[in-house]
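Participant: This one is upload00.tsv, TSV, C-alpha atoms.
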```
chain	number	residue	atom	x	y	z
A	14	MET	CA	-30.51	44.73	10.11
A	15	ILE	CA	-27.24	44.55	8.15
A	16	ARG	CA	-26.28	48.05	7.00
A	17	VAL	CA	-24.43	48.01	3.65
A	18	LEU	CA	-22.43	50.48	1.58
A	19	VAL	CA	-22.14	49.87	-2.17
A	20	ALA	CA	-19.23	51.62	-3.92
A	21	ASP	CA	-18.85	51.45	-7.71
A	22	ASP	CA	-18.24	54.16	-10.27
A	23	GLU	CA	-21.06	52.81	-12.45
A	24	ALA	CA	-24.48	53.98	-11.24
A	25	LEU	CA	-26.20	51.09	-13.01
A	26	MET	CA	-24.05	48.54	-11.17
A	27	ARG	CA	-24.82	50.19	-7.82
A	28	ALA	CA	-28.53	50.19	-8.59
A	29	GLY	CA	-28.45	46.51	-9.55
A	30	ILE	CA	-26.63	45.50	-6.36
A	31	ARG	CA	-29.03	47.57	-4.25
A	32	LEU	CA	-32.02	45.93	-5.92
A	33	ILE	CA	-30.64	42.46	-5.24
A	34	LEU	CA	-29.63	43.07	-1.64
A	35	GLU	CA	-32.86	44.76	-0.60
A	36	ASN	CA	-34.78	41.62	-1.54
A	37	ALA	CA	-33.38	40.23	1.72
A	38	ASP	CA	-35.34	41.03	4.86
A	39	ASP	CA	-32.22	41.56	6.96
A	40	ILE	CA	-30.18	43.80	4.61
A	41	LYS	CA	-30.48	47.52	3.95
A	42	VAL	CA	-28.26	49.54	1.61
A	43	VAL	CA	-27.78	52.75	3.59
A	44	ALA	CA	-25.12	54.41	1.42
A	45	GLU	CA	-23.69	54.47	-2.10
A	46	ALA	CA	-20.42	55.88	-3.38
A	47	GLY	CA	-18.91	56.50	-6.79
A	48	ASP	CA	-15.28	56.48	-5.68
A	49	GLY	CA	-13.03	55.47	-2.83
A	50	ARG	CA	-13.05	58.86	-1.11
A	51	GLU	CA	-16.83	58.89	-0.88
A	52	ALA	CA	-16.84	55.31	0.37
A	53	ALA	CA	-14.38	56.00	3.18
A	54	GLU	CA	-16.25	59.15	4.21
A	55	ALA	CA	-19.55	57.26	4.34
A	56	CYS	CA	-18.03	54.62	6.62
A	57	ARG	CA	-16.55	57.32	8.83
A	58	THR	CA	-19.83	59.16	9.30
A	59	GLN	CA	-22.32	56.28	9.33
A	60	GLU	CA	-22.64	52.87	10.94
A	61	ILE	CA	-21.78	50.49	8.09
A	62	ASP	CA	-21.59	46.75	8.75
A	63	VAL	CA	-20.44	45.64	5.28
A	64	ALA	CA	-18.79	47.76	2.57
A	65	LEU	CA	-18.88	46.33	-0.96
A	66	LEU	CA	-16.13	48.05	-2.94
A	67	ASP	CA	-15.27	47.83	-6.61
A	68	ILE	CA	-11.50	47.49	-6.98
A	69	GLN	CA	-11.35	49.75	-10.05
A	70	MET	CA	-12.69	53.24	-9.32
A	71	PRO	CA	-11.49	56.70	-10.38
A	72	GLY	CA	-9.56	58.88	-7.97
A	73	ARG	CA	-9.12	56.87	-4.78
A	74	ASP	CA	-9.72	53.29	-5.89
A	75	GLY	CA	-11.24	50.45	-3.90
A	76	ILE	CA	-7.90	49.28	-2.54
A	77	THR	CA	-7.05	52.70	-1.14
A	78	ALA	CA	-10.60	52.94	0.21
A	79	ALA	CA	-10.22	49.54	1.92
A	80	ALA	CA	-7.16	50.80	3.80
A	81	ASP	CA	-8.94	54.03	4.75
A	82	ILE	CA	-12.06	52.21	5.94
A	83	THR	CA	-10.06	49.69	7.95
A	84	ARG	CA	-8.38	52.60	9.72
A	85	LEU	CA	-11.43	54.87	10.13
A	86	SER	CA	-14.09	52.23	10.82
A	87	PRO	CA	-12.61	48.96	12.14
A	88	ARG	CA	-16.10	47.54	12.74
A	89	THR	CA	-16.86	47.61	9.00
A	90	CYS	CA	-16.21	44.42	7.04
A	91	VAL	CA	-14.76	45.28	3.62
A	92	VAL	CA	-15.55	42.99	0.69
A	93	MET	CA	-14.05	43.69	-2.73
A	94	LEU	CA	-15.96	43.28	-5.98
A	95	THR	CA	-13.59	42.13	-8.70
A	96	ALA	CA	-13.51	40.85	-12.26
A	97	PHE	CA	-12.04	37.40	-12.92
A	98	GLY	CA	-8.29	37.61	-13.49
A	99	GLU	CA	-7.54	40.56	-11.18
A	100	GLU	CA	-5.58	38.49	-8.67
A	101	ALA	CA	-2.85	41.11	-8.26
A	102	GLY	CA	-5.45	43.66	-7.21
A	103	VAL	CA	-7.01	41.20	-4.81
A	104	THR	CA	-3.65	40.58	-3.14
A	105	ARG	CA	-3.16	44.32	-2.63
A	106	ALA	CA	-6.70	44.67	-1.30
A	107	LEU	CA	-6.16	41.94	1.29
A	108	ARG	CA	-3.00	43.64	2.45
A	109	ALA	CA	-5.04	46.84	2.78
A	110	GLY	CA	-7.42	45.10	5.18
A	111	ALA	CA	-10.20	43.72	2.98
A	112	SER	CA	-11.88	40.68	4.51
A	113	GLY	CA	-12.85	38.95	1.29
A	114	PHE	CA	-13.76	39.27	-2.34
A	115	LEU	CA	-16.52	38.38	-4.79
A	116	LEU	CA	-16.67	38.14	-8.54
A	117	LYS	CA	-18.86	40.70	-10.23
A	118	ASP	CA	-20.79	37.90	-11.90
A	119	THR	CA	-21.83	36.43	-8.54
A	120	GLY	CA	-25.48	35.37	-8.62
A	121	PRO	CA	-28.15	37.23	-6.61
A	122	ALA	CA	-28.64	34.52	-3.98
A	123	ASP	CA	-24.87	34.12	-3.50
A	124	LEU	CA	-24.42	37.89	-3.18
A	125	ILE	CA	-27.04	38.08	-0.45
A	126	ARG	CA	-25.53	35.10	1.33
A	127	ALA	CA	-22.05	36.63	1.09
A	128	VAL	CA	-23.18	39.86	2.75
A	129	GLN	CA	-24.87	37.90	5.53
A	130	LEU	CA	-21.72	35.85	6.08
A	131	ALA	CA	-19.48	38.93	6.05
A	132	ALA	CA	-21.64	40.63	8.67
A	133	ARG	CA	-21.07	37.61	10.94
A	134	GLY	CA	-17.33	37.56	10.33
A	135	GLU	CA	-17.49	34.49	8.10
A	136	PRO	CA	-15.25	34.05	5.03
A	137	VAL	CA	-16.37	35.67	1.78
A	138	LEU	CA	-14.19	34.09	-0.88
A	139	ALA	CA	-15.05	33.47	-4.51
A	140	PRO	CA	-13.74	29.90	-5.00
A	141	ARG	CA	-12.43	30.47	-8.55
A	142	ILE	CA	-10.36	33.47	-7.53
A	143	THR	CA	-9.27	31.93	-4.24
A	144	ARG	CA	-7.73	28.95	-6.00
A	145	ARG	CA	-5.97	31.09	-8.59
A	146	LEU	CA	-4.83	33.57	-5.96
A	147	LEU	CA	-3.27	30.87	-3.79
A	148	ASP	CA	-1.71	29.12	-6.78
A	149	ARG	CA	-0.23	32.41	-7.96
A	150	HIS	CA	1.02	33.15	-4.46
A	151	VAL	CA	2.73	29.74	-4.18
A	152	ARG	CA	4.33	30.07	-7.62
A	153	SER	CA	5.78	33.45	-6.66
A	154	GLY	CA	7.67	31.77	-3.82
A	155	ARG	CA	6.79	31.40	-0.16
A	156	ASP	CA	8.89	31.92	2.94
A	157	THR	CA	8.00	28.66	4.67
A	158	GLU	CA	10.42	29.12	7.55
A	159	THR	CA	9.08	32.55	8.49
A	160	ALA	CA	5.49	31.39	8.15
A	161	ARG	CA	6.07	28.38	10.38
A	162	ALA	CA	7.68	30.64	12.98
A	163	ARG	CA	4.51	32.75	13.02
A	164	LEU	CA	2.46	29.60	13.65
A	165	ALA	CA	4.68	28.42	16.50
A	166	ALA	CA	2.56	30.21	19.11
A	167	LEU	CA	-0.60	28.31	18.14
A	168	THR	CA	-1.93	25.36	20.12
A	169	PRO	CA	-2.62	22.01	18.42
A	170	ALA	CA	-6.36	22.79	18.54
A	171	GLU	CA	-5.80	26.16	16.88
A	172	LEU	CA	-3.67	24.55	14.18
A	173	ASP	CA	-6.48	22.11	13.46
A	174	VAL	CA	-8.90	25.02	13.06
A	175	LEU	CA	-6.46	26.96	10.87
A	176	ARG	CA	-5.89	23.93	8.64
A	177	LEU	CA	-9.62	23.71	7.90
A	178	LEU	CA	-9.98	27.47	7.60
A	179	ALA	CA	-7.28	27.41	4.92
A	180	ALA	CA	-9.27	24.73	3.10
A	181	GLY	CA	-12.13	27.22	2.81
A	182	LEU	CA	-14.51	25.80	5.41
A	183	SER	CA	-16.97	28.05	7.24
A	184	ASN	CA	-17.16	28.27	11.04
A	185	ALA	CA	-20.11	25.89	11.05
A	186	GLU	CA	-18.30	23.38	8.82
A	187	ILE	CA	-15.17	23.55	11.00
A	188	ALA	CA	-17.27	23.04	14.12
A	189	ASP	CA	-18.95	20.02	12.57
A	190	ARG	CA	-15.67	18.52	11.40
A	191	LEU	CA	-13.90	18.98	14.76
A	192	TYR	CA	-16.93	18.29	16.99
A	193	LEU	CA	-16.77	21.78	18.50
A	194	SER	CA	-19.36	24.47	19.12
A	195	ALA	CA	-19.55	27.41	16.72
A	196	GLY	CA	-18.60	29.71	19.59
A	197	THR	CA	-15.47	27.71	20.33
A	198	VAL	CA	-14.41	27.84	16.68
A	199	LYS	CA	-14.99	31.60	16.58
A	200	ALA	CA	-12.86	32.02	19.73
A	201	HIS	CA	-10.08	29.88	18.23
A	202	ILE	CA	-10.07	31.96	15.05
A	203	SER	CA	-9.93	35.21	17.02
A	204	ARG	CA	-6.86	33.94	18.91
A	205	ILE	CA	-5.29	32.67	15.67
A	206	LEU	CA	-5.57	36.11	14.06
A	207	THR	CA	-4.14	37.81	17.15
A	208	ARG	CA	-1.24	35.41	17.63
A	209	THR	CA	-0.22	35.35	13.96
A	210	ASP	CA	-0.75	39.09	13.44
A	211	CYS	CA	-3.22	38.47	10.59
A	212	ALA	CA	-5.89	41.08	9.84
A	213	ASN	CA	-8.46	38.59	8.57
A	214	ARG	CA	-9.19	34.98	7.67
A	215	VAL	CA	-7.82	35.30	4.16
A	216	GLN	CA	-4.42	36.43	5.40
A	217	ALA	CA	-4.48	33.53	7.85
A	218	ALA	CA	-5.27	31.12	5.01
A	219	VAL	CA	-2.36	32.44	2.94
A	220	LEU	CA	-0.07	32.12	5.97
A	221	ALA	CA	-1.19	28.50	6.41
A	222	HIS	CA	-0.38	27.80	2.77
A	223	ASP	CA	3.03	29.46	3.17
A	224	ALA	CA	3.78	27.27	6.16
A	225	GLY	CA	2.69	24.14	4.31
A	226	LEU	CA	-0.07	23.56	6.86
A	227	ALA	CA	-2.76	23.39	4.19
A	228	ASP	CA	-0.71	20.78	2.32
A	229	GLU	CA	-1.17	18.45	5.27
A	230	SER	CA	-4.98	18.40	4.89
```
With the file now loaded, output its structure as structure tokens.
Facilitator:
Amino acid sequence: MIRVLVADDEALMRAGIRLILENADDIKVVAEAGDGREAAEACRTQEIDVALLDIQMPGRDGITAAADITRLSPRTCVVMLTAFGEEAGVTRALRAGASGFLLKDTGPADLIRAVQLAARGEPVLAPRITRRLLDRHVRSGRDTETARARLAALTPAELDVLRLLAAGLSNAEIADRLYLSAGTVKAHISRILTRTDCANRVQAAVLAHDAGLADES
């Protein structure tokens, strides 16, 4: 059973997300929070697999909560809920340790699927925001030399995996493309994150774009 926390300052939004998620047989919403402080405390005191956090909350917002949860409960996967156009907030959230982000208008089936993917360590990236986020990041300037230096420790096989990860492929899709097992891909990604000092797949994808690796796809 995937244990989920839903954090949003609007009770109606929390209730709607709960209703959607609990239609899935393998998901249970075990906690709700109206602000970032409550969300972090819930993750500290309970076993939470996936925390869905609204970026904009009163008091301690979702970004601050993401940093707190990453520190207090490393096992919890943090996914941000965001409105279209909040790329700056998404960037800050990723730096705080969030593993992915979803648009608030995500459909019920996609929301359920995203939680299931997050619980398995798979990427949870809203395509529309991902493209705008990366475009915005590139326009702001990228330190290609530094990024390439961080990739220097990777093997050719790991670079192949990272190139496809940066293109937005899931573990299963990468495995199929490279004729590898899912377990091998997962092991490669774990080593990539360790060797590049990235907290999650999204940071690794941004690093690949900085280094120009994604441009070679």
Participant: Could you state the separation of CA of Ala170 in chain A and CA of Gln129 in chain A in Å, given to one decimal place?
Facilitator: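 For CA of Ala170 in chain A relative to CA of Gln129 in chain A, the distance reads 27.2 Å.
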Participant: I'd like to know which of A:Asp223, A:Asp62, A:Glu54, A:Glu45 is closest to Ala132 in chain A, using only C-alpha atoms.
Facilitator: A:Asp62
Participant: Skip Ile205 in chain A itself and residues of its chain fewer than 6 positions away, then list as an MDAnalysis selection string all residues within 12 Å of it, counting all atoms listed in the file.
Facilitator: chainID A and resid 163:176 178 198:199 211:214 216:218 220:221
Participant: Looking at A:Ser112, A:Ser203, A:Thr157, A:Asn184, which one is nearest to Val137 in chain A, with distances taken over all atoms listed in the file?
Facilitator: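 Ranked by minimum distance to Val137 in chain A, first place goes to A:Ser112.
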Participant: Pick out the residues sitting within 10 Å of Leu130 in chain A, and hand them over as JSON, numbers by chain; count all atoms listed in the file, and ignore anything fewer than 6 positions along from it in its own chain.
Facilitator: {"A": [63, 124, 136, 137, 183]}
Participant: Let me make sure I understand: among A:Arg108, A:Asn36, A:Gln69, A:Lys41, which one has the smallest atom-to-atom distance to Glu23 in chain A if we use only C-alpha atoms?
Facilitator: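 Under the stated criterion, the closest residue is A:Gln69.
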Participant: Quick one: distance from CA of Ile30 in chain A to CA of Val42 in chain A in Å, one decimal?
Facilitator: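 One can read the CA of Ile30 in chain A to CA of Val42 in chain A distance as 9.1 Å.
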Participant: Between A:Ala106, A:Leu85, A:Ile15, A:Ala188, which one has atoms that come closest to Ala200 in chain A, using only C-alpha atoms?
Facilitator: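 Counting only C-alpha atoms, the residue closest to Ala200 in chain A is A:Ala188.
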Participant: Place a sphere of radius 12 Å on (-7.4, 56.2, 2.4) in the file coordinates and name every protein, DNA or RNA residue with an atom inside or on its surface, counting only C-alpha atoms; give the answer as a list in words.
Facilitator: Asp48, Gly49, Arg50, Glu51, Ala52, Ala53, Glu54, Cys56, Arg57, Gly72, Arg73, Asp74, Gly75, Ile76, Thr77, Ala78, Ala79, Ala80, Asp81, Ile82, Thr83, Arg84, Leu85, Ser86, Ala109 and Gly110 of chain A
Participant: Could you tell me how far CA of Ser194 in chain A lies from CA of Met93 in chain A, in Å and to one decimal?
Facilitator: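 Here the two named atoms are 29.6 Å from each other.
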Participant: Can you tell me, as AutoDock Vina command-line options, the centre and edge lengths (Å, one decimal) of the axis-aligned box enclosing all of range 208-227 of chain A's listed atoms after padding each side by 5 Å?
Facilitator:
```
--center_x -2.7 --center_y 32.2 --center_z 10.2 --size_x 23.0 --size_y 27.7 --size_z 24.9
```
Participant: Which is closest to Thr89 in chain A among A:Gly181, A:Gly134, A:Gly225, A:Gly29, if we use only C-alpha atoms?
Facilitator: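 Among the listed residues, A:Gly134 lies closest to Thr89 in chain A.
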Participant: Using all atoms listed in the file, pick whichever of A:Val19, A:Val91, A:Leu107, A:Leu65 has the shortest atom-to-atom distance to Arg31 in chain A.
Facilitator: A:Val19
